[in-house]
Each structure stands twice: as structure tokens, then as C-alpha cells.
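J.: Here's a structure for you.
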Amino acid sequence: MRLRFLGSTSEAGACPSLYETDRGTIVVQGLALTDPDALAGLRHLLDGESAVEVPRELLTEIARRVLPTSDLGRHLADHD
């Protein structure tokens, strides 16, 4: 799998960061979620899966850069 760095909201490129793969998926780099109450709230966490906390600003910034403007508006409207 090949990764292409999309961006980060951290200083000096530290995590959290997002990457796009050549398989059409997104990879999230960040600190593992360890809060027991938060972990208990996750649905269907499978063996081998983990959760990473990512600032909302990172996701919206990457969406603005990666998605065409018309797609971004449609995606945001779908989730309001």
C-alpha cells in the first residue's frame, strides 16, 4: 500500500495526520484512544482495530482540499 500525506493540524508534522492510500482509503495517524468510557461507547470494535481521536478542524481542512467544491457542499449538507 502506498500513502500520500494529506495534512496535519499539528506543529512539525506530528500526529494527528491523515493520509490517502492507493486503495482509495484514508489512514489516520494519531494517539490511540485510551479513555475507558469513550472506548465503551464505540460500536463493533473488532480485534485488531483501534480508535484515534482527530480534531474536527483537520477533517474539515482536508475535505476542503481533497473534495471538489460541489462534493464538499453536498457532503456537508447531508450531515447537517
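Identifiers in the C-alpha cells: chain A, B, ... in order shown; residue index from 1 per chain; ligand index from 1 in order shown.
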What are the DSSP strand (DSSP E or B) residues of segment 5-64 of chain A, as a list in words?

T.: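 DSSP on the backbone gives strand (DSSP E or B) at Phe5, Leu6, Gly7, Ser8, Ser17, Leu18, Tyr19, Glu20, Thr21, Ile26, Val27, Val28, Gln29, Ala32 and Val52 of chain A.
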
J.: I need the residues from that last selection saved to file as a JSON list (two decimals), in the first residue's frame (with C-alpha atoms), if you can.

T.:
```
[["chain", "number", "residue", "atom", "x", "y", "z"],
["A", 5, "PHE", "CA", 0.35, 12.66, 3.14],
["A", 6, "LEU", "CA", -2.76, 14.86, 3.16],
["A", 7, "GLY", "CA", -2.11, 17.07, 6.15],
["A", 8, "SER", "CA", -1.95, 17.66, 9.85],
["A", 17, "SER", "CA", -2.21, 13.32, 10.43],
["A", 18, "LEU", "CA", -4.23, 11.98, 7.52],
["A", 19, "TYR", "CA", -3.02, 10.00, 4.51],
["A", 20, "GLU", "CA", -4.70, 8.83, 1.33],
["A", 21, "THR", "CA", -3.86, 5.35, 0.07],
["A", 26, "ILE", "CA", -7.78, 7.09, 4.35],
["A", 27, "VAL", "CA", -5.23, 6.29, 7.07],
["A", 28, "VAL", "CA", -5.37, 8.20, 10.36],
["A", 29, "GLN", "CA", -2.21, 8.63, 12.42],
["A", 32, "ALA", "CA", -4.71, 5.80, 20.50],
["A", 52, "VAL", "CA", -7.80, 7.53, 17.13]]
```

J.: Determine which residues of chain A DSSP labels as helix (DSSP H, G or I) from the backbone of this structure, then write them out as a list of chain:residue names.

T.: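 Secondary structure check on chain A, helix (DSSP H, G or I): A:Glu11, A:Ala12, A:Gly13, A:Pro36, A:Asp37, A:Ala38, A:Leu39, A:Ala40, A:Arg56, A:Glu57, A:Leu58, A:Leu59, A:Thr60, A:Glu61, A:Ile62, A:Ala63, A:Arg64, A:Arg65, A:Val66, A:Thr69, A:Ser70, A:Asp71, A:Leu72, A:Gly73, A:Arg74, A:His75, A:Leu76, A:Ala77, A:Asp78.
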
J.: Could you give me, as a list in words, the residues within 12 Å of Gly30 of chain A, counting only C-alpha atoms and dropping anything in the same chain fewer than 6 positions from it?

T.: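 Using only C-alpha atoms, the neighbours found are Ser8, Thr9, Ser10, Gly13, Ala14, Cys15, Pro16, Ser17, Leu18, Tyr19, Ser50, Ala51, Val52, Glu53, Val54, Pro55 and Leu58 of chain A.
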
J.: Please produce a file of those selected residues containing N, CA and C atoms, as a PDB file, in the first residue's frame.

T.:
```pdb
ATOM      1  N   SER A   8      -1.930  17.769   8.405  1.00  0.00           N
ATOM      2  CA  SER A   8      -1.947  17.656   9.848  1.00  0.00           C
ATOM      3  C   SER A   8      -2.266  19.027  10.427  1.00  0.00           C
ATOM      4  N   THR A   9      -2.844  19.059  11.602  1.00  0.00           N
ATOM      5  CA  THR A   9      -3.035  20.329  12.303  1.00  0.00           C
ATOM      6  C   THR A   9      -1.999  20.494  13.397  1.00  0.00           C
ATOM      7  N   SER A  10      -1.064  19.567  13.481  1.00  0.00           N
ATOM      8  CA  SER A  10      -0.027  19.608  14.500  1.00  0.00           C
ATOM      9  C   SER A  10       1.203  20.332  13.998  1.00  0.00           C
ATOM     10  N   GLY A  13       4.560  18.475  11.783  1.00  0.00           N
ATOM     11  CA  GLY A  13       4.110  17.232  11.170  1.00  0.00           C
ATOM     12  C   GLY A  13       3.834  16.099  12.135  1.00  0.00           C
ATOM     13  N   ALA A  14       3.761  16.389  13.417  1.00  0.00           N
ATOM     14  CA  ALA A  14       3.439  15.339  14.381  1.00  0.00           C
ATOM     15  C   ALA A  14       1.974  14.936  14.227  1.00  0.00           C
ATOM     16  N   CYS A  15       1.589  13.874  14.886  1.00  0.00           N
ATOM     17  CA  CYS A  15       0.211  13.421  14.748  1.00  0.00           C
ATOM     18  C   CYS A  15      -0.740  14.378  15.459  1.00  0.00           C
ATOM     19  N   PRO A  16      -2.005  14.390  15.141  1.00  0.00           N
ATOM     20  CA  PRO A  16      -2.665  13.527  14.176  1.00  0.00           C
ATOM     21  C   PRO A  16      -2.447  13.999  12.746  1.00  0.00           C
ATOM     22  N   SER A  17      -2.400  13.046  11.860  1.00  0.00           N
ATOM     23  CA  SER A  17      -2.213  13.316  10.433  1.00  0.00           C
ATOM     24  C   SER A  17      -3.115  12.386   9.634  1.00  0.00           C
ATOM     25  N   LEU A  18      -3.430  12.802   8.422  1.00  0.00           N
ATOM     26  CA  LEU A  18      -4.232  11.980   7.517  1.00  0.00           C
ATOM     27  C   LEU A  18      -3.437  11.676   6.263  1.00  0.00           C
ATOM     28  N   TYR A  19      -3.669  10.457   5.737  1.00  0.00           N
ATOM     29  CA  TYR A  19      -3.022  10.005   4.515  1.00  0.00           C
ATOM     30  C   TYR A  19      -4.078   9.386   3.609  1.00  0.00           C
ATOM     31  N   SER A  50      -8.393  -0.160  16.233  1.00  0.00           N
ATOM     32  CA  SER A  50      -8.184   0.808  17.307  1.00  0.00           C
ATOM     33  C   SER A  50      -8.861   2.106  16.908  1.00  0.00           C
ATOM     34  N   ALA A  51      -9.050   2.969  17.875  1.00  0.00           N
ATOM     35  CA  ALA A  51      -9.676   4.267  17.634  1.00  0.00           C
ATOM     36  C   ALA A  51      -8.646   5.362  17.874  1.00  0.00           C
ATOM     37  N   VAL A  52      -8.708   6.399  17.042  1.00  0.00           N
ATOM     38  CA  VAL A  52      -7.795   7.534  17.133  1.00  0.00           C
ATOM     39  C   VAL A  52      -8.630   8.797  17.185  1.00  0.00           C
ATOM     40  N   GLU A  53      -8.300   9.686  18.105  1.00  0.00           N
ATOM     41  CA  GLU A  53      -9.001  10.962  18.215  1.00  0.00           C
ATOM     42  C   GLU A  53      -8.358  11.963  17.259  1.00  0.00           C
ATOM     43  N   VAL A  54      -9.198  12.633  16.472  1.00  0.00           N
ATOM     44  CA  VAL A  54      -8.732  13.587  15.464  1.00  0.00           C
ATOM     45  C   VAL A  54      -9.511  14.890  15.621  1.00  0.00           C
ATOM     46  N   PRO A  55      -8.829  16.036  15.608  1.00  0.00           N
ATOM     47  CA  PRO A  55      -9.544  17.312  15.697  1.00  0.00           C
ATOM     48  C   PRO A  55     -10.461  17.512  14.492  1.00  0.00           C
ATOM     49  N   LEU A  58      -9.032  19.292  11.434  1.00  0.00           N
ATOM     50  CA  LEU A  58      -8.212  18.525  10.497  1.00  0.00           C
ATOM     51  C   LEU A  58      -9.085  17.892   9.427  1.00  0.00           C
TER      52      LEU A  58
END
```

J.: Do you know which residues are at most 9 Å from Asp22 of chain A counting only C-alpha atoms, after dropping those on the same chain fewer than 4 positions away, and could you put them as a ChimeraX atom specification?

T.: /A:1-4

J.: Let's have the selection written as a compact mmCIF listing (two decimals), in the first residue's frame, with N, CA and C atoms.

T.:
```
# COMPACT_ATOMS: atom_id res chain seq x y z
N MET A 1 0.85 -1.17 0.00
CA MET A 1 0.00 0.00 0.00
C MET A 1 0.90 1.24 0.00
N ARG A 2 0.55 2.20 -0.81
CA ARG A 2 1.29 3.47 -0.85
C ARG A 2 0.46 4.56 -0.18
N LEU A 3 1.15 5.42 0.58
CA LEU A 3 0.49 6.51 1.29
C LEU A 3 0.88 7.85 0.69
N ARG A 4 -0.08 8.76 0.66
CA ARG A 4 0.18 10.15 0.28
C ARG A 4 -0.27 11.02 1.43
```

J.: For the atom pair atom CA of Leu39 of chain A and atom CA of Ile62 of chain A, what is the interatomic distance in Å to one decimal place?

T.: 25.5 Å
